[in-house]
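Data block for entry25.cif (mmCIF, C-alpha atoms):
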```cif
data_upload
loop_
_atom_site.label_atom_id
_atom_site.label_comp_id
_atom_site.auth_asym_id
_atom_site.auth_seq_id
_atom_site.Cartn_x
_atom_site.Cartn_y
_atom_site.Cartn_z
CA MET A 1 99.95 76.23 77.84
CA LYS A 2 96.84 75.50 75.76
CA TYR A 3 95.19 74.22 78.93
CA ILE A 4 96.03 77.39 80.86
CA GLU A 5 94.84 79.48 77.94
CA SER A 6 91.54 77.59 77.88
CA LEU A 7 90.97 78.59 81.51
CA ILE A 8 91.48 82.33 80.97
CA ARG A 9 88.07 83.93 80.71
CA ASN A 10 87.41 86.94 78.52
CA ILE A 11 85.18 89.57 80.18
CA PRO A 12 84.04 92.22 77.68
CA ASP A 13 83.80 95.85 78.79
CA PHE A 14 85.50 95.40 82.18
CA PRO A 15 86.44 97.57 83.99
CA LYS A 16 85.50 100.05 81.23
CA PRO A 17 83.65 99.84 77.89
CA GLY A 18 85.91 98.59 75.12
CA ILE A 19 88.32 96.68 77.36
CA GLN A 20 88.48 92.89 77.04
CA PHE A 21 89.47 91.86 80.55
CA LYS A 22 91.43 88.62 80.95
CA ASP A 23 90.06 86.90 84.04
CA ILE A 24 92.66 84.56 85.51
CA THR A 25 90.60 83.45 88.54
CA PRO A 26 89.73 80.08 86.87
CA VAL A 27 93.48 79.45 86.58
CA LEU A 28 93.95 80.11 90.29
CA ALA A 29 91.02 77.87 91.21
CA ASP A 30 92.54 74.91 89.35
CA ALA A 31 95.33 73.46 91.53
CA GLU A 32 97.15 71.87 88.58
CA ALA A 33 96.91 74.99 86.40
CA PHE A 34 98.05 77.20 89.28
CA LYS A 35 101.03 74.88 89.83
CA THR A 36 101.91 74.99 86.13
CA VAL A 37 101.94 78.79 86.12
CA ILE A 38 104.07 79.04 89.27
CA ASP A 39 106.48 76.45 87.82
CA TRP A 40 106.69 78.57 84.67
CA TYR A 41 107.50 81.70 86.72
CA ALA A 42 110.22 79.71 88.51
CA MET A 43 111.72 78.57 85.20
CA SER A 44 111.71 82.16 83.96
CA VAL A 45 113.60 83.38 87.04
CA GLU A 46 116.05 80.50 86.61
CA ALA A 47 116.54 81.38 82.93
CA ALA A 48 117.36 84.93 84.05
CA GLY A 49 120.11 83.62 86.32
CA GLY A 50 118.16 83.39 89.58
CA CYS A 51 117.28 86.04 92.14
CA ASP A 52 117.62 86.91 95.82
CA VAL A 53 114.04 88.03 96.42
CA ILE A 54 110.64 88.27 94.70
CA ALA A 55 108.67 91.52 94.37
CA GLY A 56 104.95 91.36 93.51
CA ILE A 57 102.69 94.19 92.39
CA GLU A 58 99.33 94.72 94.17
CA SER A 59 97.22 92.78 94.04
CA ARG A 60 97.18 89.93 91.49
CA GLY A 61 100.97 90.11 91.48
CA PHE A 62 100.77 89.22 95.18
CA ILE A 63 99.01 85.96 94.33
CA PHE A 64 101.61 84.78 91.83
CA GLY A 65 104.62 86.42 93.46
CA SER A 66 104.15 85.03 96.96
CA ALA A 67 103.52 81.48 95.76
CA LEU A 68 106.67 81.80 93.65
CA ALA A 69 108.66 83.16 96.60
CA ARG A 70 107.70 80.13 98.68
CA LYS A 71 108.55 77.74 95.86
CA LEU A 72 112.00 79.30 95.43
CA HIS A 73 112.48 79.74 99.19
CA LYS A 74 112.91 83.50 98.83
CA GLY A 75 111.45 86.46 100.68
CA PHE A 76 108.60 88.50 99.21
CA ILE A 77 108.37 92.29 98.75
CA PRO A 78 104.95 93.90 98.19
CA ILE A 79 104.69 96.88 95.82
CA ARG A 80 101.47 98.64 96.71
CA LYS A 81 99.04 101.40 95.80
CA PRO A 82 99.67 104.70 97.63
CA GLY A 83 98.85 104.86 101.34
CA LYS A 84 98.74 101.11 101.94
CA LEU A 85 102.29 100.51 103.18
CA PRO A 86 102.67 101.59 106.82
CA PHE A 87 106.42 102.32 107.02
CA THR A 88 108.34 105.04 105.12
CA THR A 89 108.08 104.56 101.37
CA HIS A 90 109.45 105.54 97.99
CA ARG A 91 106.67 106.56 95.59
CA GLU A 92 106.68 106.49 91.81
CA THR A 93 103.95 108.20 89.79
CA TYR A 94 103.04 107.14 86.24
CA GLN A 95 100.65 108.29 83.54
CA LEU A 96 97.39 106.56 82.72
CA GLU A 97 95.26 107.15 79.62
CA TYR A 98 93.36 109.71 81.72
CA GLY A 99 95.12 111.03 84.82
CA GLN A 100 97.85 109.30 86.78
CA ASP A 101 98.48 106.60 89.34
CA ALA A 102 101.32 105.66 91.66
CA VAL A 103 102.95 102.74 93.42
CA GLU A 104 105.01 102.56 96.59
CA ILE A 105 107.69 100.38 98.17
CA HIS A 106 109.04 100.40 101.72
CA THR A 107 112.36 102.24 101.83
CA ASP A 108 113.92 99.24 103.63
CA ALA A 109 112.27 96.56 101.47
CA VAL A 110 115.33 95.78 99.35
CA LYS A 111 118.87 95.18 100.58
CA GLN A 112 121.60 97.03 98.66
CA GLY A 113 122.48 95.12 95.50
CA GLU A 114 119.80 92.46 95.92
CA ARG A 115 118.75 90.73 92.73
CA VAL A 116 114.97 91.14 92.42
CA ALA A 117 112.49 89.27 90.20
CA LEU A 118 109.44 91.46 89.55
CA ILE A 119 106.13 89.59 89.25
CA ASP A 120 102.73 90.66 87.99
CA ASP A 121 99.86 88.89 86.27
CA LEU A 122 99.60 91.10 83.20
CA LEU A 123 101.84 93.26 81.01
CA ALA A 124 99.64 95.87 79.32
CA THR A 125 101.08 99.34 78.60
CA GLY A 126 103.87 98.72 81.10
CA GLY A 127 103.15 101.79 83.23
CA THR A 128 102.86 99.97 86.56
CA ALA A 129 105.75 97.62 85.79
CA ASN A 130 108.04 100.48 84.80
CA ALA A 131 107.16 102.45 87.93
CA SER A 132 107.85 99.31 89.97
CA ILE A 133 111.23 98.83 88.29
CA SER A 134 112.14 102.42 89.21
CA LEU A 135 111.05 101.84 92.81
CA ILE A 136 113.15 98.71 93.18
CA GLU A 137 116.19 100.45 91.71
CA LYS A 138 115.59 103.49 93.93
CA ALA A 139 115.50 101.15 96.93
CA GLY A 140 118.88 99.71 95.91
CA GLY A 141 117.87 96.54 94.07
CA GLU A 142 118.77 95.19 90.65
CA ILE A 143 116.01 93.79 88.43
CA VAL A 144 116.99 90.37 87.09
CA CYS A 145 113.71 89.82 85.27
CA SER A 146 110.05 90.70 85.09
CA ALA A 147 107.52 87.95 84.43
CA PHE A 148 103.81 87.97 83.56
CA VAL A 149 101.20 85.27 82.91
CA ILE A 150 99.69 87.40 80.15
CA GLU A 151 101.12 89.99 77.77
CA LEU A 152 98.86 92.15 75.61
CA ASP A 153 101.20 92.46 72.63
CA PHE A 154 99.15 95.13 70.84
CA LEU A 155 99.76 97.58 73.72
CA ARG A 156 103.55 97.25 73.16
CA GLY A 157 104.35 97.53 76.88
CA ARG A 158 107.45 95.40 76.29
CA GLU A 159 109.03 98.15 74.22
CA ARG A 160 108.42 100.70 76.95
CA LEU A 161 109.87 98.72 79.86
CA ASN A 162 113.24 99.95 81.13
CA LEU A 163 114.51 96.40 80.97
CA HIS A 164 116.46 94.40 78.38
CA GLU A 165 114.11 92.41 76.13
CA GLU A 166 115.66 89.13 77.30
CA LYS A 167 114.67 89.88 80.89
CA ILE A 168 110.95 90.13 80.09
CA PHE A 169 109.02 86.84 80.26
CA SER A 170 105.37 86.25 79.35
CA PHE A 171 103.55 82.93 79.38
CA ILE A 172 100.61 83.75 77.10
CA HIS A 173 100.44 86.47 74.45
CA TYR A 174 97.30 88.16 73.12
CA MET B 1 107.28 81.99 117.10
CA LYS B 2 109.46 84.41 119.11
CA TYR B 3 111.52 84.97 115.97
CA ILE B 4 108.44 85.76 113.87
CA GLU B 5 107.15 88.04 116.62
CA SER B 6 110.50 89.90 116.68
CA LEU B 7 110.05 90.66 112.96
CA ILE B 8 106.59 92.19 113.29
CA ARG B 9 106.99 95.94 113.33
CA ASN B 10 104.70 98.19 115.31
CA ILE B 11 103.67 101.36 113.41
CA PRO B 12 101.90 103.85 115.70
CA ASP B 13 98.96 105.86 114.36
CA PHE B 14 98.59 103.98 111.05
CA PRO B 15 96.34 104.18 109.16
CA LYS B 16 94.59 106.43 111.72
CA PRO B 17 95.63 108.11 114.99
CA GLY B 18 95.41 105.71 117.92
CA ILE B 19 95.88 102.54 115.89
CA GLN B 20 99.01 100.45 116.46
CA PHE B 21 99.49 98.85 113.05
CA LYS B 22 101.25 95.48 112.94
CA ASP B 23 103.54 95.56 109.91
CA ILE B 24 104.24 92.03 108.67
CA THR B 25 106.36 93.02 105.64
CA PRO B 26 109.63 92.14 107.48
CA VAL B 27 108.21 88.62 107.96
CA LEU B 28 107.53 88.33 104.22
CA ALA B 29 111.00 89.63 103.34
CA ASP B 30 112.67 86.91 105.43
CA ALA B 31 112.54 83.65 103.45
CA GLU B 32 112.84 81.46 106.56
CA ALA B 33 110.23 83.41 108.53
CA PHE B 34 107.84 83.39 105.56
CA LYS B 35 108.29 79.62 105.26
CA THR B 36 107.63 79.16 108.98
CA VAL B 37 104.37 81.10 108.75
CA ILE B 38 103.16 79.21 105.67
CA ASP B 39 104.07 75.90 107.37
CA TRP B 40 102.04 77.01 110.38
CA TYR B 41 99.02 77.81 108.16
CA ALA B 42 99.37 74.35 106.60
CA MET B 43 99.44 72.68 110.03
CA SER B 44 96.34 74.62 111.04
CA VAL B 45 94.43 73.44 107.96
CA GLU B 46 95.59 69.90 108.64
CA ALA B 47 94.46 70.17 112.28
CA ALA B 48 91.04 71.22 110.97
CA GLY B 49 90.82 68.05 108.88
CA GLY B 50 92.14 69.39 105.58
CA CYS B 51 90.43 71.37 102.84
CA ASP B 52 89.64 71.30 99.10
CA VAL B 53 90.57 74.89 98.32
CA ILE B 54 92.06 78.02 99.91
CA ALA B 55 90.30 81.41 99.96
CA GLY B 56 92.33 84.54 100.69
CA ILE B 57 91.04 88.02 101.55
CA GLU B 58 92.41 91.04 99.63
CA SER B 59 95.15 91.86 99.82
CA ARG B 60 97.52 90.58 102.52
CA GLY B 61 95.39 87.45 102.65
CA PHE B 62 96.39 86.90 99.01
CA ILE B 63 100.05 86.78 100.00
CA PHE B 64 99.63 84.11 102.66
CA GLY B 65 96.71 82.29 101.03
CA SER B 66 98.26 81.75 97.63
CA ALA B 67 101.60 80.52 99.02
CA LEU B 68 99.61 78.14 101.22
CA ALA B 69 97.52 76.95 98.26
CA ARG B 70 100.69 76.08 96.33
CA LYS B 71 102.18 74.29 99.32
CA LEU B 72 99.04 72.18 99.79
CA HIS B 73 98.55 71.76 96.02
CA LYS B 74 95.12 73.37 96.15
CA GLY B 75 93.40 76.02 94.09
CA PHE B 76 93.09 79.61 95.32
CA ILE B 77 89.95 81.79 95.53
CA PRO B 78 90.34 85.57 95.87
CA ILE B 79 87.85 87.48 98.03
CA ARG B 80 88.04 91.10 96.92
CA LYS B 81 86.92 94.65 97.57
CA PRO B 82 83.84 95.70 95.56
CA GLY B 83 84.26 96.25 91.83
CA LYS B 84 87.54 94.35 91.46
CA LEU B 85 86.25 90.95 90.37
CA PRO B 86 85.27 90.95 86.69
CA PHE B 87 82.70 88.11 86.58
CA THR B 88 79.31 88.00 88.36
CA THR B 89 79.72 88.22 92.13
CA HIS B 90 78.07 87.77 95.48
CA ARG B 91 78.55 90.81 97.71
CA GLU B 92 78.47 91.01 101.50
CA THR B 93 78.35 94.35 103.31
CA TYR B 94 79.61 94.81 106.88
CA GLN B 95 79.79 97.60 109.42
CA LEU B 96 82.93 99.53 110.22
CA GLU B 97 83.40 101.84 113.20
CA TYR B 98 82.29 104.64 110.90
CA GLY B 99 80.36 103.66 107.78
CA GLN B 100 80.49 100.30 106.02
CA ASP B 101 82.55 98.22 103.66
CA ALA B 102 81.96 95.16 101.50
CA VAL B 103 83.68 92.14 100.00
CA GLU B 104 82.86 90.10 96.90
CA ILE B 105 83.38 86.59 95.57
CA HIS B 106 82.78 85.23 92.07
CA THR B 107 79.48 83.32 91.97
CA ASP B 108 81.30 80.33 90.42
CA ALA B 109 84.37 80.50 92.69
CA VAL B 110 83.38 77.60 94.95
CA LYS B 111 82.09 74.20 93.89
CA GLN B 112 79.04 72.94 95.78
CA GLY B 113 80.10 71.40 99.10
CA GLU B 114 83.78 72.30 98.74
CA ARG B 115 85.69 72.51 101.99
CA VAL B 116 87.28 75.96 102.14
CA ALA B 117 90.09 77.25 104.38
CA LEU B 118 89.78 81.02 104.80
CA ILE B 119 93.08 82.90 105.11
CA ASP B 120 93.88 86.44 106.15
CA ASP B 121 96.83 88.08 107.89
CA LEU B 122 94.98 89.63 110.81
CA LEU B 123 91.88 88.98 112.93
CA ALA B 124 90.74 92.31 114.37
CA THR B 125 87.01 92.93 114.93
CA GLY B 126 86.17 90.06 112.58
CA GLY B 127 84.00 92.12 110.22
CA THR B 128 85.82 91.22 107.01
CA ALA B 129 86.30 87.60 108.03
CA ASN B 130 82.63 87.17 108.91
CA ALA B 131 81.52 88.74 105.65
CA SER B 132 83.92 86.40 103.82
CA ILE B 133 82.51 83.37 105.65
CA SER B 134 79.01 84.41 104.54
CA LEU B 135 80.19 84.80 100.95
CA ILE B 136 81.80 81.37 100.85
CA GLU B 137 78.69 79.76 102.31
CA LYS B 138 76.47 81.70 99.89
CA ALA B 139 78.62 80.38 97.03
CA GLY B 140 78.06 76.81 98.26
CA GLY B 141 81.23 76.17 100.26
CA GLU B 142 81.80 74.91 103.78
CA ILE B 143 84.34 76.69 105.99
CA VAL B 144 86.70 74.18 107.58
CA CYS B 145 88.81 76.80 109.31
CA SER B 146 89.95 80.39 109.31
CA ALA B 147 93.59 81.18 110.05
CA PHE B 148 95.47 84.41 110.79
CA VAL B 149 99.10 85.27 111.51
CA ILE B 150 97.97 87.85 114.09
CA GLU B 151 94.94 88.10 116.34
CA LEU B 152 94.19 91.29 118.29
CA ASP B 153 92.61 89.64 121.31
CA PHE B 154 91.34 92.88 122.85
CA LEU B 155 89.01 93.43 119.86
CA ARG B 156 87.32 90.08 120.56
CA GLY B 157 86.80 89.30 116.87
CA ARG B 158 86.98 85.58 117.70
CA GLU B 159 83.73 85.80 119.65
CA ARG B 160 81.98 87.45 116.75
CA LEU B 161 83.01 85.02 114.01
CA ASN B 162 80.28 82.70 112.79
CA LEU B 163 82.63 79.78 113.22
CA HIS B 164 83.24 77.26 116.00
CA GLU B 165 86.07 78.39 118.28
CA GLU B 166 88.10 75.28 117.38
CA LYS B 167 88.10 76.28 113.71
CA ILE B 168 89.79 79.64 114.35
CA PHE B 169 93.60 79.59 114.33
CA SER B 170 95.97 82.45 115.14
CA PHE B 171 99.75 82.28 115.26
CA ILE B 172 100.49 85.36 117.38
CA HIS B 173 98.17 87.08 119.85
CA TYR B 174 98.31 90.71 120.96
#
```
Structure re-expressed in C-alpha cells:
Amino acid sequence: MKYIESLIRNIPDFPKPGIQFKDITPVLADAEAFKTVIDWYAMSVEAAGGCDVIAGIESRGFIFGSALARKLHKGFIPIRKPGKLPFTTHRETYQLEYGQDAVEIHTDAVKQGERVALIDDLLATGGTANASISLIEKAGGEIVCSAFVIELDFLRGRERLNLHEEKIFSFIHY
Amino acid sequence: MKYIESLIRNIPDFPKPGIQFKDITPVLADAEAFKTVIDWYAMSVEAAGGCDVIAGIESRGFIFGSALARKLHKGFIPIRKPGKLPFTTHRETYQLEYGQDAVEIHTDAVKQGERVALIDDLLATGGTANASISLIEKAGGEIVCSAFVIELDFLRGRERLNLHEEKIFSFIHY
C-alpha cells in the first residue's frame, strides 16, 4: 500500500484553485501497481460476499471497473455522463458545490435482482457515487459494495452514501 | 465472432440524425463475450510482436484497454479529452466534419522507446486514432499496433491512419 501511495501524484489547484488533485495515472502506468490495485478491488468484492456484475463510473471508474470485471469473469456496466449512452436511460441528478450534474445508466443494463459492485477511483463528497447507487437500484440491481482506490476522509462522503458502512471499501485514505 | 456481432446493438440517429451508432454495452454486460473480445485484443497485440504498455482512448477505449492491460500484465496509459489530465500534457488537434477536437497525453506517460499498443472500441474516420498515434510518438513511444472491436469500412479510416496496414486490427467490420 505504501508503494501505491508513493505513486499517487499530488497536483495542486487542479481542476480548480484550492483543490489538491490525486493523480493516479502513475499507478496505472506501473503494471505491478495496477495489478495490486485490481487485486485489492477483487478482495473487497469477495469480502462483501461476491457480485454478479461490475458497474464503473465514467471515466476513471471504467479503467478500474473493467479490469476488475475481467479478473472476476463478470460483465461490466458503464455509468456515464448525460447524453453519452445511446439506448434509453435512467438519469439521476445530484448537487455540486455550484450547480448540478447527472449520471445515466441504460434501462436494460442490470438484470432484476443482480448483485452489483460499484467501482470508482475516488470517494470525495459521494455525490456521484450516491447518484450511481440510485441508478443501479432504479434499474433493478442490488448494491453489494462500493470500492474506491482513494477516499478523501475530510469530505465525509462515506457518511452520505446510501450504503451500509461495511459495504464501502477504500484502499488509501487522505 | 457471430455471437459478439449478435450482441452489438444498432441505434439509429445517435448521436446525430443519419448516424447508425453501434452500441457495444451488451457485449460488455456479457462476461463471456467481454472475455472473448479481450482475448481477441490480446491475440492481436501478440500477432504484432507484443508491447510494453497499453494506451486506451477516452472513454470506451479505457474499458477495453485497461482490461487488456491487466490480462497482459502491462501498465495502462489514458489518452483523454482536453483538460482532463492533471499533469503537463501534449495536445493534438484534429478535424471533425464540422469544427475540431483534440486529445491529450501526459508528457511523462510513455518511456522513451516503449512499444505501445493503442486501443479503442471503434475505427471510424480515424481522426482520434491518428491524433493519438501522434501523441504517443511525440511522447517518445513506438506504436506496435492499433486494435478496434469495430471498424466502419465505408469511412476508410484505415487508409488514413499513419500506421502500416498490418498493424491495424479490427474484430468486426461494417
Residues in the PyMOL selection byres ((chain B) within 8 of (chain A)), expressed as a VMD selection string: chain B and resid 11 14 to 15 21 23 25 to 26 28 to 32 34 to 35 53 58 to 59 62 to 70 73 to 78 86 to 87 109
Output of the PyMOL selection byres ((chain A and resi 167-170) around 9), listed as a CSV table (one decimal) with C-alpha atoms, keeping the file's coordinate frame:
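Result saved to result.csv:
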```
chain,number,residue,atom,x,y,z
A,41,TYR,CA,107.5,81.7,86.7
A,44,SER,CA,111.7,82.2,84.0
A,45,VAL,CA,113.6,83.4,87.0
A,47,ALA,CA,116.5,81.4,82.9
A,48,ALA,CA,117.4,84.9,84.0
A,122,LEU,CA,99.6,91.1,83.2
A,123,LEU,CA,101.8,93.3,81.0
A,143,ILE,CA,116.0,93.8,88.4
A,144,VAL,CA,117.0,90.4,87.1
A,145,CYS,CA,113.7,89.8,85.3
A,146,SER,CA,110.0,90.7,85.1
A,147,ALA,CA,107.5,88.0,84.4
A,148,PHE,CA,103.8,88.0,83.6
A,149,VAL,CA,101.2,85.3,82.9
A,150,ILE,CA,99.7,87.4,80.2
A,151,GLU,CA,101.1,90.0,77.8
A,158,ARG,CA,107.4,95.4,76.3
A,161,LEU,CA,109.9,98.7,79.9
A,163,LEU,CA,114.5,96.4,81.0
A,164,HIS,CA,116.5,94.4,78.4
A,165,GLU,CA,114.1,92.4,76.1
A,166,GLU,CA,115.7,89.1,77.3
A,171,PHE,CA,103.6,82.9,79.4
A,172,ILE,CA,100.6,83.8,77.1
A,173,HIS,CA,100.4,86.5,74.4
```
Separation of atom CA of Val103 of chain B from atom CA of Lys81 of chain B, in Å and rounded to one decimal: 4.8 Å
Straight-line distance linking atom CA of Thr107 of chain B with atom CA of Asn130 of chain B, stated in Å to one decimal: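 Spanning atom CA of Thr107 of chain B to atom CA of Asn130 of chain B is a straight-line distance of 17.7 Å.
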Separation of atom CA of Tyr94 of chain A from atom CA of Leu152 of chain A, in Å and rounded to one decimal: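 Distance between the two atoms: 18.8 Å.
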Residues in the PyMOL selection byres ((chain B and resi 111-113) around 6), expressed as a list in words: Val110, Glu114, Gly140 and Gly141 of chain B
Pick from A:Ala124, A:Met1, A:Ala139, A:Ile57 nearest to Leu96 of chain A, counting all atoms listed in the file: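 Ranked by minimum distance to Leu96 of chain A, first place goes to A:Ala124.
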Kindly reconstruct segment 91-117 of chain B with N, CA, C and O atoms and present the result as a short mmCIF file (atom, residue, chain, number, x, y, z; two decimals), keeping the file's coordinate frame.
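The result, written out as result-v3.cif:
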```
data_model
loop_
_atom_site.label_atom_id
_atom_site.label_comp_id
_atom_site.auth_asym_id
_atom_site.auth_seq_id
_atom_site.Cartn_x
_atom_site.Cartn_y
_atom_site.Cartn_z
N ARG B 91 77.97 89.73 96.91
CA ARG B 91 78.55 90.81 97.71
C ARG B 91 78.02 90.73 99.14
O ARG B 91 76.85 90.42 99.35
N GLU B 92 78.89 91.00 100.09
CA GLU B 92 78.47 91.01 101.50
C GLU B 92 78.96 92.32 102.13
O GLU B 92 80.15 92.63 102.08
N THR B 93 78.02 93.07 102.69
CA THR B 93 78.35 94.35 103.31
C THR B 93 78.53 94.16 104.81
O THR B 93 77.87 93.31 105.41
N TYR B 94 79.45 94.90 105.42
CA TYR B 94 79.61 94.81 106.88
C TYR B 94 79.91 96.19 107.45
O TYR B 94 80.38 97.08 106.75
N GLN B 95 79.64 96.32 108.75
CA GLN B 95 79.79 97.60 109.42
C GLN B 95 81.23 97.85 109.84
O GLN B 95 81.92 96.95 110.32
N LEU B 96 81.68 99.08 109.64
CA LEU B 96 82.93 99.53 110.22
C LEU B 96 82.60 100.45 111.39
O LEU B 96 81.44 100.76 111.63
N GLU B 97 83.62 100.91 112.09
CA GLU B 97 83.40 101.84 113.20
C GLU B 97 82.60 103.04 112.70
O GLU B 97 81.62 103.44 113.29
N TYR B 98 83.06 103.58 111.55
CA TYR B 98 82.29 104.64 110.90
C TYR B 98 81.99 104.17 109.48
O TYR B 98 82.93 103.90 108.72
N GLY B 99 80.72 104.06 109.13
CA GLY B 99 80.36 103.66 107.78
C GLY B 99 80.36 102.17 107.58
O GLY B 99 80.23 101.39 108.53
N GLN B 100 80.49 101.72 106.30
CA GLN B 100 80.49 100.30 106.02
C GLN B 100 81.43 99.97 104.87
O GLN B 100 81.90 100.85 104.16
N ASP B 101 81.70 98.70 104.74
CA ASP B 101 82.55 98.22 103.66
C ASP B 101 81.93 96.93 103.11
O ASP B 101 80.92 96.46 103.64
N ALA B 102 82.51 96.38 102.07
CA ALA B 102 81.96 95.16 101.50
C ALA B 102 83.06 94.33 100.88
O ALA B 102 84.15 94.82 100.57
N VAL B 103 82.78 93.05 100.72
CA VAL B 103 83.68 92.14 100.00
C VAL B 103 82.85 91.35 98.99
O VAL B 103 81.63 91.21 99.15
N GLU B 104 83.54 90.84 97.96
CA GLU B 104 82.86 90.10 96.90
C GLU B 104 83.58 88.79 96.61
O GLU B 104 84.78 88.66 96.83
N ILE B 105 82.82 87.85 96.05
CA ILE B 105 83.38 86.59 95.57
C ILE B 105 82.70 86.27 94.24
O ILE B 105 81.54 86.63 94.04
N HIS B 106 83.42 85.67 93.32
CA HIS B 106 82.78 85.23 92.07
C HIS B 106 81.72 84.17 92.39
O HIS B 106 81.94 83.29 93.23
N THR B 107 80.58 84.27 91.71
CA THR B 107 79.48 83.32 91.97
C THR B 107 79.90 81.88 91.67
O THR B 107 79.33 80.95 92.24
N ASP B 108 80.88 81.71 90.77
CA ASP B 108 81.30 80.33 90.42
C ASP B 108 82.64 79.96 91.07
O ASP B 108 83.30 79.00 90.65
N ALA B 109 83.04 80.71 92.11
CA ALA B 109 84.37 80.50 92.69
C ALA B 109 84.47 79.17 93.44
O ALA B 109 85.51 78.52 93.46
N VAL B 110 83.37 78.79 94.08
CA VAL B 110 83.38 77.60 94.95
C VAL B 110 82.47 76.53 94.35
O VAL B 110 81.36 76.84 93.94
N LYS B 111 82.95 75.31 94.32
CA LYS B 111 82.09 74.20 93.89
C LYS B 111 81.21 73.78 95.06
O LYS B 111 81.60 73.88 96.22
N GLN B 112 80.01 73.31 94.74
CA GLN B 112 79.04 72.94 95.78
C GLN B 112 79.67 71.95 96.78
O GLN B 112 80.20 70.92 96.37
N GLY B 113 79.61 72.30 98.05
CA GLY B 113 80.10 71.40 99.10
C GLY B 113 81.61 71.41 99.31
O GLY B 113 82.12 70.67 100.15
N GLU B 114 82.32 72.25 98.57
CA GLU B 114 83.78 72.30 98.74
C GLU B 114 84.15 72.77 100.14
O GLU B 114 83.52 73.67 100.69
N ARG B 115 85.19 72.16 100.66
CA ARG B 115 85.69 72.51 101.99
C ARG B 115 86.76 73.58 101.84
O ARG B 115 87.82 73.35 101.27
N VAL B 116 86.46 74.77 102.38
CA VAL B 116 87.28 75.96 102.14
C VAL B 116 88.03 76.37 103.42
O VAL B 116 87.42 76.47 104.49
N ALA B 117 89.33 76.63 103.30
CA ALA B 117 90.09 77.25 104.38
C ALA B 117 90.21 78.74 104.07
O ALA B 117 90.69 79.11 102.99
#
```
